[in-house]
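Trainee: Here you go, this is model.cif (mmCIF, C-alpha atoms).
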data_run
loop_
_atom_site.label_atom_id
_atom_site.label_comp_id
_atom_site.auth_asym_id
_atom_site.auth_seq_id
_atom_site.Cartn_x
_atom_site.Cartn_y
_atom_site.Cartn_z
CA MET N 25 30.85 21.91 -14.56
CA LEU N 26 33.09 19.44 -12.75
CA SER N 27 33.26 15.95 -14.11
CA ILE N 28 31.97 13.16 -11.90
CA ARG N 29 33.01 9.56 -12.27
CA TYR N 30 30.65 6.59 -12.02
CA GLU N 31 31.98 3.13 -11.28
CA ALA N 32 30.01 -0.10 -10.96
CA PRO N 33 32.44 -2.62 -9.42
CA ARG N 34 31.56 -6.33 -9.49
CA SER N 35 33.41 -7.32 -6.31
CA ILE N 36 33.91 -6.04 -2.77
CA ALA N 37 37.70 -5.90 -3.32
CA GLU N 38 37.24 -3.74 -6.41
CA ALA N 39 34.89 -1.39 -4.52
CA ILE N 40 37.35 -1.05 -1.62
CA HIS N 41 40.16 -0.26 -4.08
CA LEU N 42 38.05 2.44 -5.75
CA LEU N 43 37.16 3.99 -2.38
CA ALA N 44 40.78 3.86 -1.18
CA SER N 45 42.11 5.48 -4.36
CA ASP N 46 39.74 8.48 -4.41
CA PRO N 47 39.12 10.45 -1.20
CA GLY N 48 36.04 12.08 -2.75
CA ALA N 49 34.34 8.86 -3.80
CA HIS N 50 30.94 8.07 -2.31
CA VAL N 51 29.17 4.72 -2.15
CA LEU N 52 25.87 4.66 -4.06
CA ALA N 53 23.29 1.96 -3.32
CA GLY N 54 19.60 2.68 -4.00
CA GLY N 55 20.33 6.41 -4.10
CA THR N 56 17.03 7.39 -2.51
CA ASP N 57 18.80 9.59 0.05
CA LEU N 58 22.11 10.28 -1.72
CA LEU N 59 20.64 11.58 -4.98
CA VAL N 60 18.43 14.05 -3.15
CA GLN N 61 21.42 15.24 -1.07
CA PHE N 62 23.62 15.44 -4.18
CA ARG N 63 21.12 17.46 -6.17
CA ALA N 64 20.54 19.81 -3.25
CA GLY N 65 24.31 20.43 -3.13
CA ALA N 66 24.65 18.87 0.32
CA LYS N 67 27.04 16.21 -0.98
CA GLN N 68 29.47 16.71 -3.87
CA PRO N 69 31.36 13.45 -4.44
CA SER N 70 34.07 13.15 -7.10
CA ALA N 71 32.85 9.63 -7.92
CA PHE N 72 29.82 7.44 -7.30
CA ILE N 73 30.68 3.82 -6.52
CA ASP N 74 27.49 1.89 -7.36
CA VAL N 75 27.52 -1.23 -5.17
CA LYS N 76 24.27 -2.78 -6.42
CA ARG N 77 26.20 -4.79 -9.03
CA ILE N 78 28.22 -6.64 -6.37
CA PRO N 79 26.53 -10.04 -5.89
CA ASP N 80 27.62 -10.32 -2.21
CA LEU N 81 25.85 -7.04 -1.40
CA VAL N 82 22.43 -8.01 -2.76
CA GLY N 83 20.52 -10.95 -1.36
CA ILE N 84 18.99 -12.60 1.67
CA SER N 85 20.41 -15.82 3.12
CA LEU N 86 18.86 -17.59 6.06
CA ASP N 87 20.25 -20.68 7.82
CA THR N 88 20.19 -22.30 11.27
CA ASN N 89 22.53 -19.63 12.64
CA GLY N 90 20.54 -16.69 11.42
CA LEU N 91 20.16 -14.13 8.71
CA ARG N 92 22.61 -12.39 6.40
CA LEU N 93 21.17 -9.37 4.61
CA GLY N 94 23.33 -8.02 1.80
CA ALA N 95 23.72 -4.32 2.59
CA ALA N 96 22.22 -3.16 -0.74
CA THR N 97 19.29 -5.63 -0.79
CA PRO N 98 16.15 -3.64 -1.68
CA ALA N 99 13.72 -3.10 1.18
CA ALA N 100 10.94 -4.58 -0.97
CA ALA N 101 12.74 -7.95 -1.10
CA ILE N 102 12.78 -8.03 2.71
CA CYS N 103 9.08 -7.13 2.97
CA GLU N 104 8.15 -9.86 0.48
CA HIS N 105 10.19 -12.62 2.20
CA ALA N 106 7.61 -14.68 4.14
CA GLU N 107 10.11 -16.39 6.44
CA LEU N 108 11.66 -13.08 7.54
CA GLY N 109 8.21 -11.78 8.43
CA ARG N 110 7.65 -14.83 10.61
CA LEU N 111 11.03 -14.74 12.40
CA TRP N 112 11.49 -10.95 12.72
CA PRO N 113 8.06 -9.34 12.33
CA GLY N 114 9.23 -6.17 14.08
CA LEU N 115 12.18 -5.66 11.76
CA VAL N 116 10.01 -6.25 8.70
CA GLU N 117 7.45 -3.74 10.05
CA ALA N 118 10.23 -1.19 10.38
CA VAL N 119 11.51 -1.86 6.85
CA HIS N 120 7.95 -1.54 5.53
CA LEU N 121 7.77 1.97 7.03
CA ILE N 122 10.63 3.29 4.86
CA GLY N 123 9.23 5.71 2.28
CA SER N 124 6.77 4.37 -0.28
CA ALA N 125 6.56 1.38 -2.63
CA GLN N 126 8.89 3.09 -5.10
CA ILE N 127 11.48 3.95 -2.42
CA GLN N 128 11.36 0.37 -1.10
CA GLY N 129 12.13 -0.91 -4.59
CA ARG N 130 15.50 0.88 -4.54
CA GLY N 131 16.37 1.71 -0.93
CA SER N 132 18.09 -0.79 1.37
CA VAL N 133 18.62 -1.50 5.05
CA GLY N 134 22.36 -0.96 4.60
CA GLY N 135 21.67 2.41 3.00
CA ASN N 136 19.30 3.31 5.82
CA LEU N 137 22.13 2.58 8.30
CA CYS N 138 24.81 4.44 6.31
CA ASN N 139 22.60 7.52 5.81
CA ALA N 140 22.71 7.62 9.62
CA SER N 141 19.53 9.55 10.24
CA PRO N 142 18.77 9.51 13.99
CA ALA N 143 15.17 8.76 12.97
CA ALA N 144 15.93 5.79 10.66
CA ASP N 145 13.21 3.25 11.40
CA THR N 146 15.25 0.14 10.77
CA THR N 147 18.16 1.07 13.05
CA SER N 148 16.25 0.73 16.35
CA ALA N 149 14.70 -2.53 15.16
CA LEU N 150 18.13 -3.91 14.17
CA ILE N 151 19.62 -2.93 17.54
CA ALA N 152 16.79 -4.67 19.41
CA ASP N 153 17.39 -7.79 17.29
CA ARG N 154 21.14 -7.92 18.18
CA ALA N 155 22.15 -7.18 14.60
CA GLU N 156 25.80 -6.80 13.68
CA CYS N 157 27.29 -4.88 10.78
CA VAL N 158 29.87 -6.60 8.58
CA ILE N 159 32.37 -4.02 7.29
CA ALA N 160 34.97 -4.71 4.60
CA GLY N 161 38.16 -2.69 4.27
CA PRO N 162 41.66 -3.00 2.79
CA GLY N 163 42.78 -5.11 5.77
CA GLY N 164 39.81 -7.51 5.70
CA GLU N 165 36.50 -7.60 7.54
CA ARG N 166 35.44 -6.33 10.94
CA VAL N 167 32.10 -6.77 12.66
CA VAL N 168 30.48 -4.16 14.91
CA PRO N 169 27.15 -4.22 16.77
CA ALA N 170 24.41 -2.15 15.12
CA GLU N 171 24.23 0.16 18.16
CA ARG N 172 27.82 1.27 17.52
CA PHE N 173 27.55 1.81 13.76
CA CYS N 174 26.17 5.37 13.70
CA THR N 175 28.20 8.01 15.53
CA GLY N 176 25.96 11.06 14.99
CA PRO N 177 23.49 12.55 12.49
CA GLY N 178 24.87 11.57 9.06
CA THR N 179 28.08 10.03 10.43
CA THR N 180 29.13 6.41 10.95
CA ILE N 181 32.19 4.48 12.10
CA LEU N 182 33.03 3.62 8.47
CA ARG N 183 36.45 4.80 7.41
CA ARG N 184 36.78 6.35 3.97
CA ASP N 185 38.04 3.09 2.44
CA GLU N 186 35.49 0.84 4.15
CA LEU N 187 32.21 -0.56 2.90
CA LEU N 188 29.22 -1.93 4.80
CA VAL N 189 28.68 -5.29 3.09
CA ALA N 190 26.02 -7.03 5.19
CA VAL N 191 23.90 -6.97 8.30
CA VAL N 192 23.72 -10.25 10.21
CA LEU N 193 21.12 -11.26 12.80
CA PRO N 194 21.25 -14.28 15.11
CA ARG N 195 18.27 -16.60 14.73
CA PRO N 196 15.80 -15.85 17.55
CA PRO N 197 15.74 -18.57 20.26
CA ALA N 198 12.48 -20.24 21.36
CA ARG N 199 9.73 -17.90 22.57
CA THR N 200 11.57 -14.82 21.30
CA ALA N 201 9.95 -12.13 19.17
CA ASP N 202 10.37 -8.48 18.22
CA ALA N 203 8.23 -5.43 17.52
CA TYR N 204 8.76 -1.85 16.32
CA PHE N 205 6.52 1.18 16.84
CA ARG N 206 6.91 4.75 15.68
CA LEU N 207 4.89 7.93 15.95
CA ILE N 208 4.36 10.16 12.91
CA PRO N 209 1.88 13.04 12.54
CA ARG N 210 0.65 11.76 9.16
CA SER N 211 -0.42 8.23 8.30
CA GLU N 212 2.18 7.71 5.53
CA MET N 213 5.50 8.99 4.13
CA ASP N 214 6.78 10.77 7.20
CA ILE N 215 9.78 10.74 9.51
CA ALA N 216 9.49 9.48 13.07
CA VAL N 217 8.85 11.88 15.94
CA ALA N 218 10.07 8.97 18.03
CA GLY N 219 10.42 5.22 17.53
CA ALA N 220 11.10 2.17 19.68
CA GLY N 221 12.02 -1.43 18.97
CA ALA N 222 11.98 -4.35 21.40
CA SER N 223 12.98 -8.00 21.42
CA VAL N 224 11.65 -10.19 24.25
CA THR N 225 12.47 -13.80 25.24
CA LEU N 226 10.14 -15.67 27.60
CA ASP N 227 10.52 -19.03 29.34
CA ALA N 228 7.78 -21.69 29.35
CA SER N 229 6.12 -20.07 32.39
CA GLY N 230 6.00 -16.63 30.74
CA THR N 231 8.87 -15.09 32.70
CA CYS N 232 11.15 -12.82 30.70
CA THR N 233 14.68 -14.23 30.41
CA ALA N 234 16.19 -11.76 27.91
CA ALA N 235 15.15 -8.42 26.47
CA ARG N 236 16.53 -5.57 24.38
CA VAL N 237 14.94 -2.15 23.92
CA ALA N 238 16.20 0.47 21.44
CA VAL N 239 14.90 3.97 20.71
CA GLY N 240 15.18 6.27 17.70
CA ALA N 241 14.73 9.97 16.83
CA VAL N 242 15.35 11.00 20.45
CA ALA N 243 19.16 11.37 20.38
CA PRO N 244 21.92 11.99 17.79
CA THR N 245 21.84 8.25 17.06
CA ALA N 246 19.47 5.38 17.79
CA LEU N 247 20.21 4.09 21.29
CA LEU N 248 20.24 0.71 22.97
CA VAL N 249 18.56 1.25 26.35
CA ASP N 250 20.18 -1.36 28.57
CA ALA N 251 18.24 -0.26 31.67
CA ALA N 252 14.90 -0.85 29.92
CA GLY N 253 15.85 -4.39 28.89
CA GLN N 254 17.31 -5.18 32.32
CA ALA N 255 14.11 -3.99 34.06
CA LEU N 256 12.15 -6.70 32.23
CA ILE N 257 14.38 -9.70 32.95
CA GLY N 258 13.08 -12.03 35.67
CA THR N 259 9.60 -10.49 35.61
CA ARG N 260 6.30 -11.53 34.05
CA LEU N 261 6.02 -8.10 32.41
CA ASP N 262 3.42 -6.77 34.86
CA GLU N 263 2.21 -3.19 34.59
CA ALA N 264 4.67 -1.85 37.18
CA THR N 265 7.60 -3.43 35.31
CA LEU N 266 6.43 -2.02 31.98
CA SER N 267 6.25 1.44 33.55
CA LEU N 268 9.83 1.06 34.80
CA ALA N 269 11.03 0.12 31.31
CA ALA N 270 9.12 3.05 29.79
CA ALA N 271 10.70 5.40 32.33
CA ALA N 272 14.15 4.00 31.47
CA ALA N 273 13.55 4.66 27.76
CA SER N 274 12.44 8.23 28.50
CA ALA N 275 15.43 8.77 30.77
CA ALA N 276 17.86 7.60 28.06
CA ALA N 277 16.39 10.01 25.50
CA ARG N 278 18.32 13.21 24.72
CA PRO N 279 15.90 14.70 22.16
CA ILE N 280 15.84 18.04 20.39
CA SER N 281 12.83 20.26 19.80
CA ASP N 282 11.93 20.75 16.14
CA LYS N 283 8.93 21.02 13.83
CA ARG N 284 7.96 17.40 14.60
CA GLY N 285 7.75 17.83 18.36
CA THR N 286 9.27 19.32 21.47
CA ALA N 287 11.99 17.60 23.44
CA ALA N 288 9.61 17.07 26.38
CA TYR N 289 6.97 15.49 24.15
CA ARG N 290 9.50 13.19 22.49
CA ARG N 291 10.89 12.13 25.87
CA HIS N 292 7.40 11.19 27.05
CA VAL N 293 6.20 9.53 23.88
CA VAL N 294 9.30 7.36 23.42
CA GLY N 295 8.49 5.72 26.75
CA VAL N 296 4.94 5.03 25.57
CA LEU N 297 6.26 3.54 22.32
CA ALA N 298 8.86 1.41 24.14
CA LYS N 299 6.13 -0.02 26.38
CA ARG N 300 3.90 -0.82 23.38
CA ALA N 301 6.81 -2.48 21.56
CA ILE N 302 7.60 -4.63 24.62
CA VAL N 303 3.94 -5.67 25.01
CA SER N 304 3.64 -6.50 21.31
CA ALA N 305 6.93 -8.45 21.22
CA ALA N 306 5.91 -10.41 24.34
CA ALA N 307 2.50 -11.28 22.87
CA ARG N 308 4.25 -12.65 19.78
CA ALA N 309 6.79 -14.53 21.89
CA ARG N 310 3.98 -16.29 23.79
CA GLU N 311 2.65 -17.67 20.49
CA ARG N 312 5.98 -19.35 19.66
CA MET H 5 33.17 11.22 -18.14
CA SER H 6 30.80 9.47 -20.51
CA ILE H 7 29.43 6.01 -19.77
CA PRO H 8 28.12 3.58 -22.41
CA VAL H 9 24.72 2.29 -21.31
CA ARG H 10 22.19 -0.15 -22.81
CA ILE H 11 18.60 0.13 -21.63
CA THR H 12 15.50 -1.54 -23.04
CA ILE H 13 12.84 1.15 -23.09
CA ASN H 14 9.27 0.04 -23.77
CA GLY H 15 10.58 -3.09 -25.47
CA THR H 16 13.23 -1.44 -27.65
CA LEU H 17 16.94 -1.79 -26.81
CA ARG H 18 18.59 1.63 -26.83
CA GLN H 19 22.26 2.58 -26.44
CA PHE H 20 23.49 5.84 -24.97
CA ASP H 21 26.70 7.51 -23.85
CA LEU H 22 25.73 9.28 -20.68
CA ASP H 23 27.06 11.79 -18.19
CA PRO H 24 26.86 9.86 -14.90
CA ARG H 25 24.79 12.57 -13.24
CA MET H 26 21.96 12.50 -15.79
CA LEU H 27 18.76 11.40 -14.06
CA LEU H 28 16.72 8.59 -15.57
CA VAL H 29 13.73 10.92 -15.92
CA HIS H 30 15.78 13.37 -18.00
CA LEU H 31 17.03 10.59 -20.26
CA LEU H 32 13.45 9.48 -20.87
CA ARG H 33 12.04 12.96 -21.44
CA ASP H 34 14.93 14.71 -23.22
CA ALA H 35 16.88 12.01 -25.08
CA CYS H 36 13.92 9.70 -25.82
CA THR H 37 11.20 12.40 -26.01
CA LEU H 38 8.99 10.19 -23.83
CA THR H 39 7.42 13.16 -22.10
CA GLY H 40 4.58 11.19 -20.52
CA THR H 41 6.81 10.68 -17.50
CA HIS H 42 6.46 13.91 -15.53
CA VAL H 43 8.88 15.82 -13.34
CA GLY H 44 7.21 17.04 -10.16
CA CYS H 45 9.31 17.61 -7.08
CA GLU H 46 12.68 16.12 -8.15
CA THR H 47 13.22 15.07 -4.53
CA GLY H 48 11.59 11.64 -4.42
CA ILE H 49 8.39 12.82 -2.75
CA CYS H 50 5.64 13.29 -5.35
CA GLY H 51 5.87 10.17 -7.55
CA ALA H 52 4.96 11.93 -10.84
CA CYS H 53 8.14 10.47 -12.40
CA THR H 54 7.35 6.83 -11.50
CA VAL H 55 8.34 4.24 -14.13
CA LEU H 56 8.81 0.47 -13.98
CA LEU H 57 12.40 -0.80 -13.77
CA ASP H 58 12.44 -4.55 -14.41
CA GLY H 59 8.78 -4.52 -13.31
CA SER H 60 9.41 -2.65 -10.07
CA ALA H 61 8.05 0.89 -9.61
CA VAL H 62 10.83 3.44 -9.09
CA LYS H 63 11.01 7.23 -8.98
CA SER H 64 13.05 8.13 -12.04
CA CYS H 65 14.10 11.47 -10.47
CA THR H 66 16.02 9.69 -7.71
CA MET H 67 17.95 7.40 -10.03
CA PHE H 68 20.85 8.10 -12.34
CA ALA H 69 20.21 6.80 -15.86
CA VAL H 70 23.52 4.86 -15.72
CA GLN H 71 22.07 2.83 -12.82
CA ALA H 72 19.52 1.43 -15.28
CA ASP H 73 22.23 -0.14 -17.47
CA GLY H 74 21.03 -3.58 -18.57
CA ALA H 75 17.51 -3.04 -17.24
CA GLU H 76 14.08 -2.91 -18.86
CA VAL H 77 12.23 0.35 -18.34
CA THR H 78 8.51 0.74 -18.96
CA THR H 79 6.98 4.20 -19.14
CA ILE H 80 3.36 5.28 -19.47
CA GLU H 81 3.85 5.23 -23.27
CA GLY H 82 4.65 1.50 -23.09
CA LEU H 83 1.39 0.36 -21.46
CA ALA H 84 -1.15 0.47 -24.29
CA LYS H 85 -0.87 -2.42 -26.75
CA ASN H 86 -1.92 -1.95 -30.40
CA GLY H 87 -4.01 1.04 -29.41
CA ASP H 88 -5.84 -0.76 -26.60
CA LEU H 89 -5.52 0.97 -23.27
CA HIS H 90 -4.01 -0.99 -20.37
CA PRO H 91 -6.71 -1.95 -17.80
CA VAL H 92 -5.35 0.65 -15.37
CA GLN H 93 -5.50 3.36 -18.05
CA GLN H 94 -9.03 2.21 -18.89
CA GLY H 95 -9.92 2.46 -15.19
CA PHE H 96 -8.68 6.08 -14.98
CA TRP H 97 -10.74 6.85 -18.11
CA GLU H 98 -13.93 5.16 -16.93
CA ARG H 99 -13.81 6.33 -13.30
CA HIS H 100 -12.54 9.88 -13.90
CA GLY H 101 -9.29 9.17 -12.08
CA LEU H 102 -7.74 12.48 -13.09
CA GLN H 103 -8.40 16.19 -13.00
CA CYS H 104 -5.35 18.19 -14.15
CA GLY H 105 -3.58 14.95 -15.10
CA TYR H 106 -0.13 15.89 -13.86
CA CYS H 107 0.17 13.01 -11.38
CA THR H 108 -1.62 10.53 -13.64
CA PRO H 109 1.32 8.77 -15.36
CA GLY H 110 2.99 8.14 -12.02
CA MET H 111 -0.27 7.06 -10.38
CA ILE H 112 -0.89 4.60 -13.21
CA MET H 113 2.63 3.12 -13.16
CA THR H 114 2.53 2.61 -9.38
CA SER H 115 -0.96 1.08 -9.71
CA VAL H 116 0.32 -1.39 -12.33
CA GLN H 117 2.94 -2.62 -9.85
CA LEU H 118 0.36 -2.70 -7.04
CA LEU H 119 -2.02 -4.91 -9.05
CA SER H 120 0.82 -7.19 -10.20
CA ARG H 121 1.47 -8.01 -6.54
CA ASN H 122 -2.09 -7.87 -5.20
CA ALA H 123 -4.76 -8.62 -7.80
CA LYS H 124 -7.73 -7.67 -5.58
CA PRO H 125 -6.62 -4.89 -3.24
CA SER H 126 -9.00 -3.26 -0.76
CA ARG H 127 -9.49 0.52 -0.82
CA GLU H 128 -7.15 0.77 2.16
CA GLU H 129 -4.50 -1.31 0.41
CA ILE H 130 -4.75 0.89 -2.68
CA ALA H 131 -4.42 4.06 -0.60
CA HIS H 132 -1.38 2.62 1.18
CA GLY H 133 0.14 1.39 -2.09
CA LEU H 134 -0.19 4.86 -3.64
CA ALA H 135 1.21 6.70 -0.59
CA GLY H 136 4.28 7.65 -2.63
CA ASN H 137 2.21 9.49 -5.25
CA LEU H 138 0.72 12.91 -4.59
CA CYS H 139 -2.30 14.33 -6.45
CA ARG H 140 -2.28 18.13 -6.27
CA CYS H 141 -5.98 18.18 -7.20
CA THR H 142 -6.59 15.81 -4.26
CA GLY H 143 -8.73 13.54 -6.45
CA TYR H 144 -7.75 10.46 -4.49
CA SER H 145 -11.21 8.95 -4.17
CA HIS H 146 -11.66 8.64 -7.94
CA ILE H 147 -8.11 7.34 -8.31
CA ILE H 148 -8.92 4.51 -5.90
CA ASP H 149 -12.14 3.86 -7.86
CA ALA H 150 -10.05 3.66 -11.04
CA VAL H 151 -7.65 1.10 -9.58
CA GLN H 152 -10.57 -1.00 -8.33
CA TYR H 153 -12.11 -0.85 -11.81
CA ALA H 154 -8.80 -2.07 -13.28
CA ALA H 155 -8.64 -4.89 -10.73
CA GLY H 156 -12.10 -5.96 -11.89
CA MET H 157 -10.85 -6.02 -15.49
CA GLY H 158 -7.95 -8.30 -14.69
CA GLY H 159 -5.62 -5.64 -13.44
CA ALA H 160 -1.91 -5.76 -14.05
CA ARG H 161 -1.91 -7.61 -17.41
#
Kindly present the structure from the file in structure tokens form.
Mentor:
Amino acid sequence: MLSIRYEAPRSIAEAIHLLASDPGAHVLAGGTDLLVQFRAGAKQPSAFIDVKRIPDLVGISLDTNGLRLGAATPAAAICEHAELGRLWPGLVEAVHLIGSAQIQGRGSVGGNLCNASPAADTTSALIADRAECVIAGPGGERVVPAERFCTGPGTTILRRDELLVAVVLPRPPARTADAYFRLIPRSEMDIAVAGAGASVTLDASGTCTAARVAVGAVAPTALLVDAAGQALIGTRLDEATLSLAAAAASAAARPISDKRGTAAYRRHVVGVLAKRAIVSAAARARER
Amino acid sequence: MSIPVRITINGTLRQFDLDPRMLLVHLLRDACTLTGTHVGCETGICGACTVLLDGSAVKSCTMFAVQADGAEVTTIEGLAKNGDLHPVQQGFWERHGLQCGYCTPGMIMTSVQLLSRNAKPSREEIAHGLAGNLCRCTGYSHIIDAVQYAAGMGGAR
């Protein structure tokens, strides 16, 4: 049996060095996806680089500019943070949908991004919320928008010697709120047939001044649907406008048919979910 | 590669030299002979292997034992004190919260965490909180009764 190394670096620099010096090394955070893939033989790293001991990767900091989520912060810590639930209820709803209580105790938003499932619930919510990914590498840090982080099922823009260290979100302006909806056949512990996140900003008269819509599980990666957001701006979110945004979300979808649903069904239902997410986000925005 | 690890298991500090790929559940069952923690699916689905890691419920089949270095682990064997059952164990006894018993240790450990965070959960909240634990006998109704009984007794302890 081949030997496997385990390293638990205490700093980002040390983690980057370990990744750079071993092409077969794999970052380990909560392990809720990676251990299952490892034991099934789908991934055979030469070393596990456990990043949960790096202080900068675990924790939630919130200031006037916005939020910094350490990439390996457990999902449960996000769900239990009252202020996050008030500012980004849609994101917290999406995080709360990951697995079960036990999975949320270990799994993280950063891990959810790096696992790069097209159906990851948090990715669409992060895209709608204008999240950016902070990536550390040998040459320093770079920042990329969440919608550009995943490049396909199981693949990301991370180079071999790079590490996702945090996800940052700008603080929502006045009368701005988010929402996330997904469809699953069961009531718990399932993977999305389709999902949609929305962030909506209204002015004092109730006219939409900014909007972002993102969809998941209907393409190789979660997608920002610019046309859906644009359709809402300058309107009061009347029924005809909502139908246009739903149609834009359906048009952007490039789904596959599998055991969870046919491509045609996914294309239809993602429009329905996008519309519901927009309506829910707008209702929350009116209360702010 | 062998990694030195220190883990407090049911209140006792233990030291091990571990292969990095050993799962926490195998350390508990094989090295510590704490066989109350069960292995069900080994893929993070069924919850039979649930233990508390620093008070937080985790599936010990989706964790390497080395990841628990420095942590406190509580297994089903660590719940009863001086022969007195934990309120959640008492609830499963009183309300017939088990049939074959395979899922029971995991159900109880997840319930302990649930009650530590929500002392008076509704039936719906209990069902949602136990979504990561499967009962192959499908005795869910009595399991929810058991957790409610424990909540009435003062719950998490």
Trainee: For the PyMOL selection byres ((chain H) within 6 of (chain N)), applied here, can you spell out every residue it catches as a short mmCIF file (atom, residue, chain, number, x, y, z; two decimals) with C-alpha atoms, keeping the file's coordinate frame?
Mentor:
data_model
loop_
_atom_site.label_atom_id
_atom_site.label_comp_id
_atom_site.auth_asym_id
_atom_site.auth_seq_id
_atom_site.Cartn_x
_atom_site.Cartn_y
_atom_site.Cartn_z
CA PRO H 24 26.86 9.86 -14.90
CA THR H 47 13.22 15.07 -4.53
CA ALA H 61 8.05 0.89 -9.61
CA VAL H 62 10.83 3.44 -9.09
CA THR H 66 16.02 9.69 -7.71
CA GLY H 136 4.28 7.65 -2.63
#
Trainee: When the PyMOL selection byres ((chain H and resi 134) around 12) is applied to the file above, which residues end up in the set, as a PyMOL selection string?
Mentor: (chain N and resi 123-127+212-213) or (chain H and resi 49-52+54+61+107-108+110-119+125+127-133+135-139+144-145+147-148+151)
Trainee: Might you pull out every residue within 10 Å of segment 81-87 of chain N, with all atoms listed in the file counted and same-chain residues fewer than 3 positions away left off, and present them as number ranges by chain?
Mentor: N: 34-36, 53, 75-78, 90-98, 101-102, 105, 107-108, 132, 134, 188-195
Trainee: Using the chain letters and numbers from the file, give me the residues hit by the PyMOL selection byres ((chain N and resi 173-184) around 6), as a ChimeraX atom specification.
Mentor: /N:139-142,170-172,185-186,244-245
Trainee: What is the distance, in Å and to one decimal place, between atom CA of Gly161 of chain N and atom CA of Val51 of chain N?
Mentor: 13.3 Å
Trainee: Give as an NGL selection string every residue, naming chains and numbers as the document does, that has an atom within 12 Å of (34.1, -10.1, 14.4), counting only C-alpha atoms.
Mentor: :N and (156-160 or 164-169 or 192)
Trainee: Rank N:Leu247, N:Ile151, N:Ala106, N:Ala220 by their smallest atom-to-atom distance to Leu207 of chain N, using only C-alpha atoms, and report the top residue only.
Mentor: N:Ala220
Trainee: Which protein, DNA or RNA residues have an atom at most 8 Å from (20.5, -1.2, -21.8), counting only C-alpha atoms? List them as number ranges by chain.
Mentor: H: 9-12, 17-19, 72-76
Trainee: Restricting the calculation to all atoms listed in the file, which member of N:Pro79, N:Ile257, N:Gly48, N:Arg110 is positioned closest to Lys67 of chain N?
Mentor: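 Closest residue, counting all atoms listed in the file: N:Gly48.
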Trainee: Work out how far atom CA of Lys85 of chain H is from atom CA of Leu27 of chain H, in Å to one decimal.
Mentor: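 Separation between atom CA of Leu27 of chain H and atom CA of Lys85 of chain H: 27.2 Å.
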Trainee: Which distance in Å separates atom CA of Ile80 of chain H and atom CA of Pro109 of chain H, to one decimal?
Mentor: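 Separation of atom CA of Ile80 of chain H and atom CA of Pro109 of chain H: 5.8 Å.
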